[in-house]
>>> print(open('start_14.cif').read())   # mmCIF, C-alpha atoms; chains and numbers go by the auth columns
data_run
#
loop_
_atom_site.group_PDB
_atom_site.id
_atom_site.type_symbol
_atom_site.label_atom_id
_atom_site.label_comp_id
_atom_site.label_asym_id
_atom_site.label_seq_id
_atom_site.Cartn_x
_atom_site.Cartn_y
_atom_site.Cartn_z
_atom_site.B_iso_or_equiv
_atom_site.auth_seq_id
_atom_site.auth_asym_id
ATOM 1 C CA MET A 1 -17.466 12.101 5.999 0.00 1 A
ATOM 2 C CA ASP A 2 -15.330 12.220 2.872 0.00 2 A
ATOM 3 C CA PHE A 3 -13.944 9.040 1.360 0.00 3 A
ATOM 4 C CA VAL A 4 -11.535 10.914 -0.929 0.00 4 A
ATOM 5 C CA ILE A 5 -9.749 12.401 2.101 0.00 5 A
ATOM 6 C CA LEU A 6 -9.879 8.996 3.809 0.00 6 A
ATOM 7 C CA SER A 7 -8.148 7.381 0.853 0.00 7 A
ATOM 8 C CA PHE A 8 -5.595 10.242 0.750 0.00 8 A
ATOM 9 C CA VAL A 9 -4.773 9.613 4.427 0.00 9 A
ATOM 10 C CA ILE A 10 -4.303 5.884 3.820 0.00 10 A
ATOM 11 C CA LEU A 11 -2.186 6.642 0.739 0.00 11 A
ATOM 12 C CA ALA A 12 -0.022 9.002 2.810 0.00 12 A
ATOM 13 C CA LEU A 13 0.371 6.330 5.505 0.00 13 A
ATOM 14 C CA GLY A 14 1.385 3.769 2.881 0.00 14 A
ATOM 15 C CA ILE A 15 3.944 6.075 1.257 0.00 15 A
ATOM 16 C CA TYR A 16 5.356 7.059 4.666 0.00 16 A
ATOM 17 C CA GLY A 17 5.689 3.396 5.610 0.00 17 A
ATOM 18 C CA LEU A 18 7.297 2.584 2.279 0.00 18 A
ATOM 19 C CA LEU A 19 9.895 5.334 2.766 0.00 19 A
ATOM 20 C CA THR A 20 10.710 4.789 6.442 0.00 20 A
ATOM 21 C CA ASN A 21 10.379 1.070 7.219 0.00 21 A
ATOM 22 C CA ARG A 22 13.325 -1.231 6.565 0.00 22 A
ATOM 23 C CA GLN A 23 11.587 -4.555 7.203 0.00 23 A
ATOM 24 C CA LEU A 24 10.465 -6.454 4.105 0.00 24 A
ATOM 25 C CA LEU A 25 7.147 -7.364 5.741 0.00 25 A
ATOM 26 C CA LYS A 26 6.405 -3.706 6.493 0.00 26 A
ATOM 27 C CA VAL A 27 7.309 -2.757 2.930 0.00 27 A
ATOM 28 C CA PHE A 28 4.773 -5.290 1.687 0.00 28 A
ATOM 29 C CA ILE A 29 2.128 -3.969 4.107 0.00 29 A
ATOM 30 C CA SER A 30 2.808 -0.424 2.886 0.00 30 A
ATOM 31 C CA ILE A 31 2.261 -1.515 -0.717 0.00 31 A
ATOM 32 C CA GLU A 32 -1.002 -3.187 0.342 0.00 32 A
ATOM 33 C CA LEU A 33 -2.126 0.045 2.035 0.00 33 A
ATOM 34 C CA ILE A 34 -1.400 2.030 -1.136 0.00 34 A
ATOM 35 C CA ALA A 35 -3.458 -0.482 -3.124 0.00 35 A
ATOM 36 C CA ILE A 36 -6.301 -0.232 -0.584 0.00 36 A
ATOM 37 C CA ALA A 37 -6.241 3.568 -0.901 0.00 37 A
ATOM 38 C CA ALA A 38 -6.437 3.362 -4.686 0.00 38 A
ATOM 39 C CA THR A 39 -9.355 0.920 -4.710 0.00 39 A
ATOM 40 C CA LEU A 40 -11.205 2.837 -1.983 0.00 40 A
ATOM 41 C CA ASN A 41 -10.891 6.003 -4.052 0.00 41 A
ATOM 42 C CA PHE A 42 -12.103 4.119 -7.104 0.00 42 A
ATOM 43 C CA VAL A 43 -15.176 2.730 -5.291 0.00 43 A
ATOM 44 C CA THR A 44 -16.032 6.166 -3.937 0.00 44 A
ATOM 45 C CA LEU A 45 -15.698 7.857 -7.308 0.00 45 A
ATOM 46 C CA THR A 46 -17.833 5.258 -9.057 0.00 46 A
ATOM 47 C CA SER A 47 -20.480 5.691 -6.376 0.00 47 A
ATOM 48 C CA ALA A 48 -20.305 9.497 -6.669 0.00 48 A
ATOM 49 C CA ALA A 49 -20.534 9.442 -10.452 0.00 49 A
ATOM 50 C CA GLY A 50 -23.215 6.748 -10.444 0.00 50 A
ATOM 51 C CA VAL A 51 -21.240 4.604 -12.854 0.00 51 A
ATOM 52 C CA GLY A 52 -22.102 0.917 -12.471 0.00 52 A
ATOM 53 C CA LEU A 53 -19.333 -0.064 -14.842 0.00 53 A
ATOM 54 C CA GLY A 54 -16.835 0.983 -12.160 0.00 54 A
ATOM 55 C CA GLN A 55 -17.442 -2.201 -10.200 0.00 55 A
ATOM 56 C CA ALA A 56 -16.461 -4.254 -13.234 0.00 56 A
ATOM 57 C CA PHE A 57 -13.245 -2.223 -13.530 0.00 57 A
ATOM 58 C CA LEU A 58 -12.655 -2.769 -9.834 0.00 58 A
ATOM 59 C CA VAL A 59 -12.693 -6.539 -10.204 0.00 59 A
ATOM 60 C CA LEU A 60 -9.983 -6.135 -12.859 0.00 60 A
ATOM 61 C CA ALA A 61 -8.064 -3.815 -10.517 0.00 61 A
ATOM 62 C CA PHE A 62 -8.308 -6.369 -7.699 0.00 62 A
ATOM 63 C CA SER A 63 -7.024 -9.131 -9.963 0.00 63 A
ATOM 64 C CA THR A 64 -4.043 -7.014 -11.012 0.00 64 A
ATOM 65 C CA ASP A 65 -3.477 -6.057 -7.404 0.00 65 A
ATOM 66 C CA THR A 66 -3.433 -9.669 -6.266 0.00 66 A
ATOM 67 C CA ALA A 67 -1.046 -10.668 -9.043 0.00 67 A
ATOM 68 C CA VAL A 68 1.297 -7.790 -8.147 0.00 68 A
ATOM 69 C CA SER A 69 1.125 -8.755 -4.446 0.00 69 A
ATOM 70 C CA ALA A 70 1.932 -12.386 -5.247 0.00 70 A
ATOM 71 C CA VAL A 71 4.957 -11.403 -7.356 0.00 71 A
ATOM 72 C CA ILE A 72 6.214 -8.948 -4.698 0.00 72 A
ATOM 73 C CA LEU A 73 5.791 -11.509 -1.921 0.00 73 A
ATOM 74 C CA ALA A 74 7.596 -14.177 -3.938 0.00 74 A
ATOM 75 C CA LEU A 75 10.493 -11.786 -4.599 0.00 75 A
ATOM 76 C CA LEU A 76 10.671 -10.812 -0.921 0.00 76 A
ATOM 77 C CA VAL A 77 10.737 -14.449 0.193 0.00 77 A
ATOM 78 C CA ILE A 78 13.496 -15.250 -2.336 0.00 78 A
ATOM 79 C CA VAL A 79 15.567 -12.251 -1.181 0.00 79 A
ATOM 80 C CA SER A 80 15.122 -13.024 2.520 0.00 80 A
ATOM 81 C CA ARG A 81 16.051 -16.678 2.002 0.00 81 A
ATOM 82 C CA LYS A 82 19.100 -15.742 -0.086 0.00 82 A
ATOM 83 C CA TYR A 83 20.493 -13.202 2.378 0.00 83 A
ATOM 84 C CA GLY A 84 19.097 -14.747 5.582 0.00 84 A
ATOM 85 C CA THR A 85 17.545 -11.521 6.856 0.00 85 A
ATOM 86 C CA GLY A 86 14.506 -9.342 6.323 0.00 86 A
ATOM 87 C CA ASP A 87 16.339 -6.083 6.950 0.00 87 A
ATOM 88 C CA ILE A 88 16.795 -4.015 3.792 0.00 88 A
ATOM 89 C CA ARG A 89 19.920 -2.206 5.048 0.00 89 A
ATOM 90 C CA GLN A 90 21.602 -5.495 5.942 0.00 90 A
ATOM 91 C CA ILE A 91 20.713 -6.923 2.548 0.00 91 A
ATOM 92 C CA LEU A 92 22.186 -3.869 0.811 0.00 92 A
ATOM 93 C CA LYS A 93 25.357 -4.092 2.928 0.00 93 A
ATOM 94 C CA THR A 94 25.753 -7.778 2.065 0.00 94 A
ATOM 95 C CA MET A 95 25.239 -7.026 -1.613 0.00 95 A
ATOM 96 C CA GLU A 96 27.815 -4.208 -1.543 0.00 96 A
ATOM 97 C CA SER A 97 30.432 -6.308 0.262 0.00 97 A
ATOM 98 C CA LYS A 98 29.844 -9.153 -2.157 0.00 98 A
ATOM 99 C CA GLU A 99 30.278 -6.822 -5.150 0.00 99 A
ATOM 100 C CA GLU A 100 33.479 -5.360 -3.662 0.00 100 A
ATOM 101 C CA GLY A 101 34.852 -8.867 -3.100 0.00 101 A
ATOM 102 C CA GLU A 102 34.078 -9.823 -6.675 0.00 102 A
ATOM 103 C CA SER A 103 35.763 -6.682 -8.093 0.00 103 A
ATOM 104 C CA GLU A 104 38.877 -7.279 -5.939 0.00 104 A
ATOM 105 C CA ALA A 105 39.097 -10.862 -7.161 0.00 105 A
ATOM 106 C CA TYR A 106 38.742 -9.593 -10.748 0.00 106 A
ATOM 107 C CA ASP A 107 41.554 -7.037 -10.193 0.00 107 A
ATOM 108 C CA ASN A 108 43.853 -9.720 -8.721 0.00 108 A
ATOM 109 C CA ASP A 109 43.305 -11.902 -11.778 0.00 109 A
ATOM 110 C CA MET B 1 -22.398 7.047 12.063 0.00 1 B
ATOM 111 C CA ILE B 2 -21.432 3.478 11.197 0.00 2 B
ATOM 112 C CA LEU B 3 -19.303 4.667 8.277 0.00 3 B
ATOM 113 C CA GLU B 4 -17.444 7.102 10.535 0.00 4 B
ATOM 114 C CA ILE B 5 -16.652 4.328 13.040 0.00 5 B
ATOM 115 C CA LEU B 6 -15.478 2.092 10.196 0.00 6 B
ATOM 116 C CA ALA B 7 -13.267 4.888 8.826 0.00 7 B
ATOM 117 C CA ILE B 8 -11.649 5.392 12.249 0.00 8 B
ATOM 118 C CA GLY B 9 -11.149 1.632 12.570 0.00 9 B
ATOM 119 C CA LEU B 10 -9.619 1.492 9.099 0.00 10 B
ATOM 120 C CA ILE B 11 -7.017 4.175 9.806 0.00 11 B
ATOM 121 C CA VAL B 12 -6.225 2.877 13.316 0.00 12 B
ATOM 122 C CA SER B 13 -5.710 -0.664 12.005 0.00 13 B
ATOM 123 C CA ALA B 14 -3.557 0.686 9.156 0.00 14 B
ATOM 124 C CA CYS B 15 -1.374 2.561 11.685 0.00 15 B
ATOM 125 C CA LEU B 16 -1.070 -0.548 13.858 0.00 16 B
ATOM 126 C CA ALA B 17 -0.201 -2.715 10.847 0.00 17 B
ATOM 127 C CA LEU B 18 2.584 -0.322 9.865 0.00 18 B
ATOM 128 C CA PHE B 19 4.136 0.484 13.202 0.00 19 B
ATOM 129 C CA LEU B 20 3.691 -2.547 15.482 0.00 20 B
ATOM 130 C CA ASP B 21 6.937 -4.424 16.017 0.00 21 B
ATOM 131 C CA GLU B 22 5.656 -8.009 16.138 0.00 22 B
ATOM 132 C CA ALA B 23 5.010 -9.562 12.730 0.00 23 B
ATOM 133 C CA VAL B 24 1.965 -11.572 13.844 0.00 24 B
ATOM 134 C CA TYR B 25 0.196 -8.568 15.376 0.00 25 B
ATOM 135 C CA SER B 26 1.085 -6.497 12.335 0.00 26 B
ATOM 136 C CA VAL B 27 -0.504 -9.045 9.987 0.00 27 B
ATOM 137 C CA ALA B 28 -3.536 -9.312 12.296 0.00 28 B
ATOM 138 C CA SER B 29 -3.946 -5.525 12.069 0.00 29 B
ATOM 139 C CA LEU B 30 -3.719 -5.774 8.287 0.00 30 B
ATOM 140 C CA ALA B 31 -6.567 -8.306 8.509 0.00 31 B
ATOM 141 C CA GLY B 32 -8.554 -5.637 10.345 0.00 32 B
ATOM 142 C CA THR B 33 -7.748 -3.157 7.575 0.00 33 B
ATOM 143 C CA PHE B 34 -9.069 -5.557 4.926 0.00 34 B
ATOM 144 C CA PHE B 35 -12.172 -6.275 7.022 0.00 35 B
ATOM 145 C CA PHE B 36 -13.009 -2.590 7.560 0.00 36 B
ATOM 146 C CA THR B 37 -12.414 -1.849 3.873 0.00 37 B
ATOM 147 C CA ALA B 38 -14.778 -4.652 2.828 0.00 38 B
ATOM 148 C CA LEU B 39 -17.444 -3.351 5.238 0.00 39 B
ATOM 149 C CA ILE B 40 -17.082 0.195 3.871 0.00 40 B
ATOM 150 C CA TYR B 41 -17.474 -1.114 0.315 0.00 41 B
ATOM 151 C CA ALA B 42 -20.594 -3.066 1.322 0.00 42 B
ATOM 152 C CA LEU B 43 -22.179 -0.053 3.027 0.00 43 B
ATOM 153 C CA ASP B 44 -21.249 2.137 0.034 0.00 44 B
ATOM 154 C CA GLY B 45 -23.398 -0.072 -2.192 0.00 45 B
ATOM 155 C CA ALA B 46 -20.597 -2.081 -3.802 0.00 46 B
ATOM 156 C CA VAL B 47 -21.449 -5.485 -2.306 0.00 47 B
ATOM 157 C CA PHE B 48 -19.845 -7.447 -5.128 0.00 48 B
ATOM 158 C CA VAL B 49 -16.564 -5.579 -4.656 0.00 49 B
ATOM 159 C CA ALA B 50 -16.780 -6.132 -0.904 0.00 50 B
ATOM 160 C CA ILE B 51 -17.037 -9.887 -1.364 0.00 51 B
ATOM 161 C CA PHE B 52 -14.110 -9.794 -3.785 0.00 52 B
ATOM 162 C CA GLN B 53 -12.047 -7.719 -1.341 0.00 53 B
ATOM 163 C CA PHE B 54 -12.844 -10.157 1.452 0.00 54 B
ATOM 164 C CA ALA B 55 -11.771 -13.161 -0.644 0.00 55 B
ATOM 165 C CA VAL B 56 -8.559 -11.478 -1.804 0.00 56 B
ATOM 166 C CA GLY B 57 -7.819 -10.327 1.754 0.00 57 B
ATOM 167 C CA VAL B 58 -8.238 -13.818 3.192 0.00 58 B
ATOM 168 C CA GLY B 59 -5.842 -15.242 0.583 0.00 59 B
ATOM 169 C CA THR B 60 -3.234 -12.536 1.147 0.00 60 B
ATOM 170 C CA LEU B 61 -3.423 -12.911 4.919 0.00 61 B
ATOM 171 C CA THR B 62 -3.064 -16.679 4.781 0.00 62 B
ATOM 172 C CA VAL B 63 0.139 -16.340 2.765 0.00 63 B
ATOM 173 C CA LEU B 64 1.372 -13.524 5.020 0.00 64 B
ATOM 174 C CA PHE B 65 0.770 -15.536 8.199 0.00 65 B
ATOM 175 C CA LEU B 66 2.767 -18.382 6.678 0.00 66 B
ATOM 176 C CA SER B 67 5.646 -16.230 5.414 0.00 67 B
ATOM 177 C CA GLY B 68 5.494 -13.437 7.986 0.00 68 B
ATOM 178 C CA GLU B 69 8.053 -14.986 10.308 0.00 69 B
ATOM 179 C CA LEU B 70 10.419 -15.477 7.392 0.00 70 B
ATOM 180 C CA LEU B 71 10.207 -11.834 6.346 0.00 71 B
ATOM 181 C CA SER B 72 10.640 -10.367 9.828 0.00 72 B
ATOM 182 C CA GLU B 73 13.611 -10.234 12.178 0.00 73 B
ATOM 183 C CA LYS B 74 14.182 -13.248 14.392 0.00 74 B
ATOM 184 C CA VAL B 75 14.929 -11.209 17.507 0.00 75 B
ATOM 185 C CA VAL B 76 12.453 -8.404 17.816 0.00 76 B
ATOM 186 C CA LYS B 77 11.569 -6.088 20.672 0.00 77 B
ATOM 187 C CA LYS B 78 8.012 -6.176 21.959 0.00 78 B
ATOM 188 C CA THR B 79 5.683 -3.252 21.451 0.00 79 B
ATOM 189 C CA SER B 80 5.043 -1.431 24.685 0.00 80 B
ATOM 190 C CA PRO B 81 1.416 -0.743 25.675 0.00 81 B
ATOM 191 C CA ASN B 82 2.171 2.996 25.624 0.00 82 B
ATOM 192 C CA LYS B 83 3.296 2.794 21.993 0.00 83 B
ATOM 193 C CA ALA B 84 0.176 0.809 21.046 0.00 84 B
ATOM 194 C CA LEU B 85 -2.005 3.387 22.798 0.00 85 B
ATOM 195 C CA ALA B 86 -0.164 6.216 21.056 0.00 86 B
ATOM 196 C CA LEU B 87 -0.694 4.494 17.701 0.00 87 B
ATOM 197 C CA ILE B 88 -4.433 4.157 18.358 0.00 88 B
ATOM 198 C CA VAL B 89 -4.727 7.819 19.383 0.00 89 B
ATOM 199 C CA GLY B 90 -2.643 8.849 16.362 0.00 90 B
ATOM 200 C CA GLY B 91 -4.903 6.835 14.075 0.00 91 B
ATOM 201 C CA VAL B 92 -8.013 8.468 15.526 0.00 92 B
ATOM 202 C CA VAL B 93 -6.455 11.932 15.068 0.00 93 B
ATOM 203 C CA LEU B 94 -5.456 11.084 11.488 0.00 94 B
ATOM 204 C CA SER B 95 -9.058 10.129 10.721 0.00 95 B
ATOM 205 C CA PHE B 96 -10.362 13.569 11.781 0.00 96 B
ATOM 206 C CA PRO B 97 -9.766 15.248 8.383 0.00 97 B
ATOM 207 C CA ALA B 98 -11.799 12.535 6.656 0.00 98 B
ATOM 208 C CA LEU B 99 -14.584 12.890 9.220 0.00 99 B
ATOM 209 C CA PHE B 100 -14.876 16.670 9.402 0.00 100 B
ATOM 210 C CA LEU B 101 -13.597 18.020 6.051 0.00 101 B
ATOM 211 C CA SER B 102 -15.170 17.587 2.654 0.00 102 B
ATOM 212 C CA ILE B 103 -13.785 18.105 -0.835 0.00 103 B
ATOM 213 C CA SER B 104 -15.929 15.701 -2.835 0.00 104 B
ATOM 214 C CA GLY B 105 -19.167 17.612 -3.057 0.00 105 B
ATOM 215 C CA SER B 106 -18.440 21.196 -2.087 0.00 106 B
ATOM 216 C CA THR B 107 -15.728 22.401 -4.442 0.00 107 B
ATOM 217 C CA SER B 108 -15.968 22.589 -8.198 0.00 108 B
ATOM 218 C CA ALA B 109 -13.240 22.246 -10.798 0.00 109 B
ATOM 219 C CA GLY B 110 -14.182 25.360 -12.751 0.00 110 B
ATOM 220 C CA VAL B 111 -16.581 23.600 -15.085 0.00 111 B
ATOM 221 C CA ASN B 112 -19.339 23.103 -12.550 0.00 112 B
ATOM 222 C CA ILE B 113 -18.514 19.522 -11.660 0.00 113 B
ATOM 223 C CA ALA B 114 -17.871 18.238 -8.152 0.00 114 B
ATOM 224 C CA PHE B 115 -14.379 17.112 -7.217 0.00 115 B
ATOM 225 C CA GLY B 116 -15.274 13.404 -7.059 0.00 116 B
ATOM 226 C CA ASN B 117 -17.173 13.542 -10.323 0.00 117 B
ATOM 227 C CA GLY B 118 -14.349 15.525 -11.864 0.00 118 B
ATOM 228 C CA LEU B 119 -11.779 12.919 -10.906 0.00 119 B
ATOM 229 C CA TRP B 120 -13.936 10.221 -12.484 0.00 120 B
ATOM 230 C CA THR B 121 -14.954 12.201 -15.566 0.00 121 B
ATOM 231 C CA LEU B 122 -11.482 13.529 -16.316 0.00 122 B
ATOM 232 C CA ASN B 123 -9.784 10.162 -15.932 0.00 123 B
ATOM 233 C CA GLY B 124 -8.055 10.748 -19.265 0.00 124 B
ATOM 234 C CA MET B 125 -5.599 12.808 -17.211 0.00 125 B
ATOM 235 C CA ASP B 126 -4.954 9.703 -15.144 0.00 126 B
ATOM 236 C CA VAL B 127 -4.000 7.745 -18.251 0.00 127 B
ATOM 237 C CA VAL B 128 -1.660 10.545 -19.399 0.00 128 B
ATOM 238 C CA LEU B 129 -0.005 10.741 -15.968 0.00 129 B
ATOM 239 C CA GLN B 130 0.445 6.965 -15.848 0.00 130 B
ATOM 240 C CA GLY B 131 2.026 7.139 -19.296 0.00 131 B
ATOM 241 C CA LEU B 132 4.452 9.801 -18.032 0.00 132 B
ATOM 242 C CA VAL B 133 5.343 7.622 -15.030 0.00 133 B
ATOM 243 C CA ILE B 134 6.003 4.609 -17.256 0.00 134 B
ATOM 244 C CA LEU B 135 8.125 6.734 -19.613 0.00 135 B
ATOM 245 C CA THR B 136 10.142 8.071 -16.666 0.00 136 B
ATOM 246 C CA VAL B 137 10.738 4.554 -15.333 0.00 137 B
ATOM 247 C CA ALA B 138 11.774 3.354 -18.802 0.00 138 B
ATOM 248 C CA LEU B 139 14.180 6.302 -19.132 0.00 139 B
ATOM 249 C CA GLY B 140 15.627 5.546 -15.674 0.00 140 B
ATOM 250 C CA ILE B 141 16.175 1.889 -16.546 0.00 141 B
ATOM 251 C CA PHE B 142 17.812 2.905 -19.839 0.00 142 B
ATOM 252 C CA ILE B 143 20.217 5.297 -18.049 0.00 143 B
ATOM 253 C CA VAL B 144 21.111 2.692 -15.396 0.00 144 B
ATOM 254 C CA LEU B 145 21.785 0.040 -18.056 0.00 145 B
ATOM 255 C CA TYR B 146 23.816 2.512 -20.125 0.00 146 B
ATOM 256 C CA GLU B 147 25.957 3.459 -17.106 0.00 147 B
ATOM 257 C CA LYS B 148 26.421 -0.175 -16.188 0.00 148 B
ATOM 258 C CA ARG B 149 27.487 -1.097 -19.733 0.00 149 B
ATOM 259 C CA ASN B 150 30.039 1.717 -19.855 0.00 150 B
ATOM 260 C CA GLY B 151 31.351 0.794 -16.407 0.00 151 B
ATOM 261 C CA GLY B 152 30.605 4.212 -14.940 0.00 152 B
ATOM 262 C CA LYS B 153 33.119 5.995 -17.242 0.00 153 B
#
>>> encode(input="start_14.cif", output="structure tokens")
Amino acid sequence: MDFVILSFVILALGIYGLLTNRQLLKVFISIELIAIAATLNFVTLTSAAGVGLGQAFLVLAFSTDTAVSAVILALLVIVSRKYGTGDIRQILKTMESKEEGESEAYDND
Amino acid sequence: MILEILAIGLIVSACLALFLDEAVYSVASLAGTFFFTALIYALDGAVFVAIFQFAVGVGTLTVLFLSGELLSEKVVKKTSPNKALALIVGGVVLSFPALFLSISGSTSAGVNIAFGNGLWTLNGMDVVLQGLVILTVALGIFIVLYEKRNGGK
């Protein structure tokens, strides 16, 4: 049983999900999976190297991770409330049509 | 044996969290991922980290359960039992490399250190690579802002 390969598999799953999913919730879950892979790798390496200090670093990593997750979630909620959907393609389409409308209005002026 | 079962559970729950269609089931699977990760940490000797992971996971899941419906589509198709079964089987298959292969202890990085130890000992490389990533992102932002200021001319 190898935890490095396990964390690589979870990292690959997270990156695949990040690239293929178009739901904001799934994007957030993919980012969480990538963070889990990183911390799992970190725990394994500290155990393998016998470094007790690693756990202290991990607490810092968790804190950063949580802060990043909170900011991402807040941004996703703001975006989904602004555009009324959680679909990334629909959000991009709405943004593009809005930008085109604004440029046409600017040209008419 | 327990660690192997936990590893399979971790990957299966990660697959379910990513590919299930319903938001509630997806978040519930993510809860399973956090739970299995915390158990693996505890069995690996990092009990303090496991408790921290559990606390962070509970907080994240509470917020996700509250905002999950907002972030997902209103009309969503239900996951068929065949798809759920295929996801579970796929997760089990994906966990095979972790169960049967090993790179941590067997290979050496040329200076007689194991792969896991090497990754930890040579973490200066990690700092350099992160610096390169940050520089690339900064360069990308600079180019985008420059193009935007010049109006794409």
>>> closest_atom_pairs(input="start_14.cif", of="chain A", to="chain B", cutoff="8 Å", atoms="only C-alpha atoms", output="tab-separated table")
residue	atom	partner	partner_atom	distance
A:Met1	CA	B:Leu99	CA	4.4
A:Asp2	CA	B:Ala98	CA	5.2
A:Phe3	CA	B:Ala98	CA	6.7
A:Val4	CA	B:Ser104	CA	6.8
A:Ile5	CA	B:Ala98	CA	5.0
A:Leu6	CA	B:Ala98	CA	4.9
A:Val9	CA	B:Leu94	CA	7.2
A:Ile10	CA	B:Ile11	CA	6.8
A:Leu13	CA	B:Cys15	CA	7.4
A:Gly17	CA	B:Leu18	CA	6.4
A:Gln23	CA	B:Ser72	CA	6.4
A:Leu24	CA	B:Leu71	CA	5.8
A:Leu25	CA	B:Leu71	CA	5.5
A:Lys26	CA	B:Leu18	CA	6.1
A:Ile29	CA	B:Leu18	CA	6.8
A:Ser30	CA	B:Leu18	CA	7.0
A:Leu33	CA	B:Ala14	CA	7.3
A:Ile36	CA	B:Thr37	CA	7.7
A:Leu40	CA	B:Thr37	CA	7.6
A:Val43	CA	B:Tyr41	CA	7.2
A:Thr44	CA	B:Asp44	CA	7.7
A:Leu45	CA	B:Gly116	CA	5.6
A:Thr46	CA	B:Trp120	CA	7.2
A:Ser47	CA	B:Asp44	CA	7.4
A:Ala48	CA	B:Asn117	CA	6.3
A:Ala49	CA	B:Asn117	CA	5.3
A:Gln55	CA	B:Val49	CA	6.6
A:Leu58	CA	B:Val49	CA	7.1
A:Val59	CA	B:Val49	CA	6.8
A:Phe62	CA	B:Gln53	CA	7.5
A:Thr66	CA	B:Val56	CA	7.0
A:Leu76	CA	B:Leu71	CA	7.4
A:Val77	CA	B:Leu71	CA	6.7
A:Ser80	CA	B:Leu71	CA	6.3
A:Arg81	CA	B:Leu70	CA	7.9
A:Thr85	CA	B:Glu73	CA	6.7
A:Gly86	CA	B:Leu71	CA	5.0
A:Asp87	CA	B:Glu73	CA	7.2
>>> closest_residue(input="start_14.cif", among="B:Ala28, B:Leu16, B:Leu61, B:Leu43", to="B:Ile88", atoms="all atoms listed in the file")
B:Leu16
>>> atom_distance(input="start_14.cif", atom1="atom CA of B:Ile51", atom2="atom CA of B:Val12")
22.3 Å
>>> closest_residue(input="start_14.cif", among="A:Ile78, A:Ala70, A:Ile34, A:Leu11", to="B:Thr62", atoms="only C-alpha atoms")
A:Ala70
>>> atom_distance(input="start_14.cif", atom1="atom CA of B:Glu147", atom2="atom CA of A:Tyr106")
19.3 Å
>>> residues_near_point(input="start_14.cif", point="(4.9, -4.5, -5.2)", cutoff="9 Å", atoms="only C-alpha atoms", output="list of chain:residue names")
A:Val27, A:Phe28, A:Ile31, A:Glu32, A:Asp65, A:Val68, A:Ser69, A:Ala70, A:Val71, A:Ile72, A:Leu73
>>> axis_aligned_box(input="start_14.cif", around="stretch 23-40 of chain B", padding_each_side="5 Å", output="JSON")
{"center_x": -6.2, "center_y": -5.7, "center_z": 9.1, "size_x": 32.5, "size_y": 21.8, "size_z": 22.5}
>>> decode(input="start_14.cif", residues="stretch 96-109 of chain A", atoms="N, CA and C atoms", output="tab-separated table (two decimals), in the first residue's frame")
chain	number	residue	atom	x	y	z
A	96	GLU	N	-20.71	37.13	-22.06
A	96	GLU	CA	-20.36	37.55	-23.42
A	96	GLU	C	-21.46	38.40	-24.04
A	97	SER	N	-22.72	37.96	-23.88
A	97	SER	CA	-23.83	38.72	-24.47
A	97	SER	C	-23.94	40.09	-23.82
A	98	LYS	N	-23.67	40.14	-22.52
A	98	LYS	CA	-23.73	41.43	-21.84
A	98	LYS	C	-22.63	42.36	-22.35
A	99	GLU	N	-21.43	41.81	-22.56
A	99	GLU	CA	-20.32	42.63	-23.06
A	99	GLU	C	-20.60	43.13	-24.48
A	100	GLU	N	-21.18	42.24	-25.32
A	100	GLU	CA	-21.52	42.64	-26.69
A	100	GLU	C	-22.55	43.76	-26.68
A	101	GLY	N	-23.56	43.63	-25.81
A	101	GLY	CA	-24.59	44.67	-25.69
A	101	GLY	C	-24.00	45.99	-25.28
A	102	GLU	N	-23.06	45.93	-24.33
A	102	GLU	CA	-22.43	47.17	-23.86
A	102	GLU	C	-21.61	47.83	-24.97
A	103	SER	N	-20.87	47.00	-25.76
A	103	SER	CA	-20.03	47.58	-26.83
A	103	SER	C	-20.90	48.16	-27.94
A	104	GLU	N	-22.05	47.51	-28.24
A	104	GLU	CA	-22.97	48.06	-29.25
A	104	GLU	C	-23.54	49.39	-28.80
A	105	ALA	N	-23.91	49.47	-27.52
A	105	ALA	CA	-24.45	50.73	-26.99
A	105	ALA	C	-23.38	51.82	-27.05
A	106	TYR	N	-22.13	51.45	-26.80
A	106	TYR	CA	-21.02	52.42	-26.85
A	106	TYR	C	-20.81	52.90	-28.28
A	107	ASP	N	-20.91	51.96	-29.28
A	107	ASP	CA	-20.75	52.34	-30.68
A	107	ASP	C	-21.88	53.27	-31.14
A	108	ASN	N	-23.12	53.01	-30.69
A	108	ASN	CA	-24.25	53.85	-31.07
A	108	ASN	C	-24.11	55.27	-30.54
A	109	ASP	N	-23.52	55.36	-29.31
A	109	ASP	CA	-23.31	56.70	-28.75
A	109	ASP	C	-22.25	57.45	-29.57
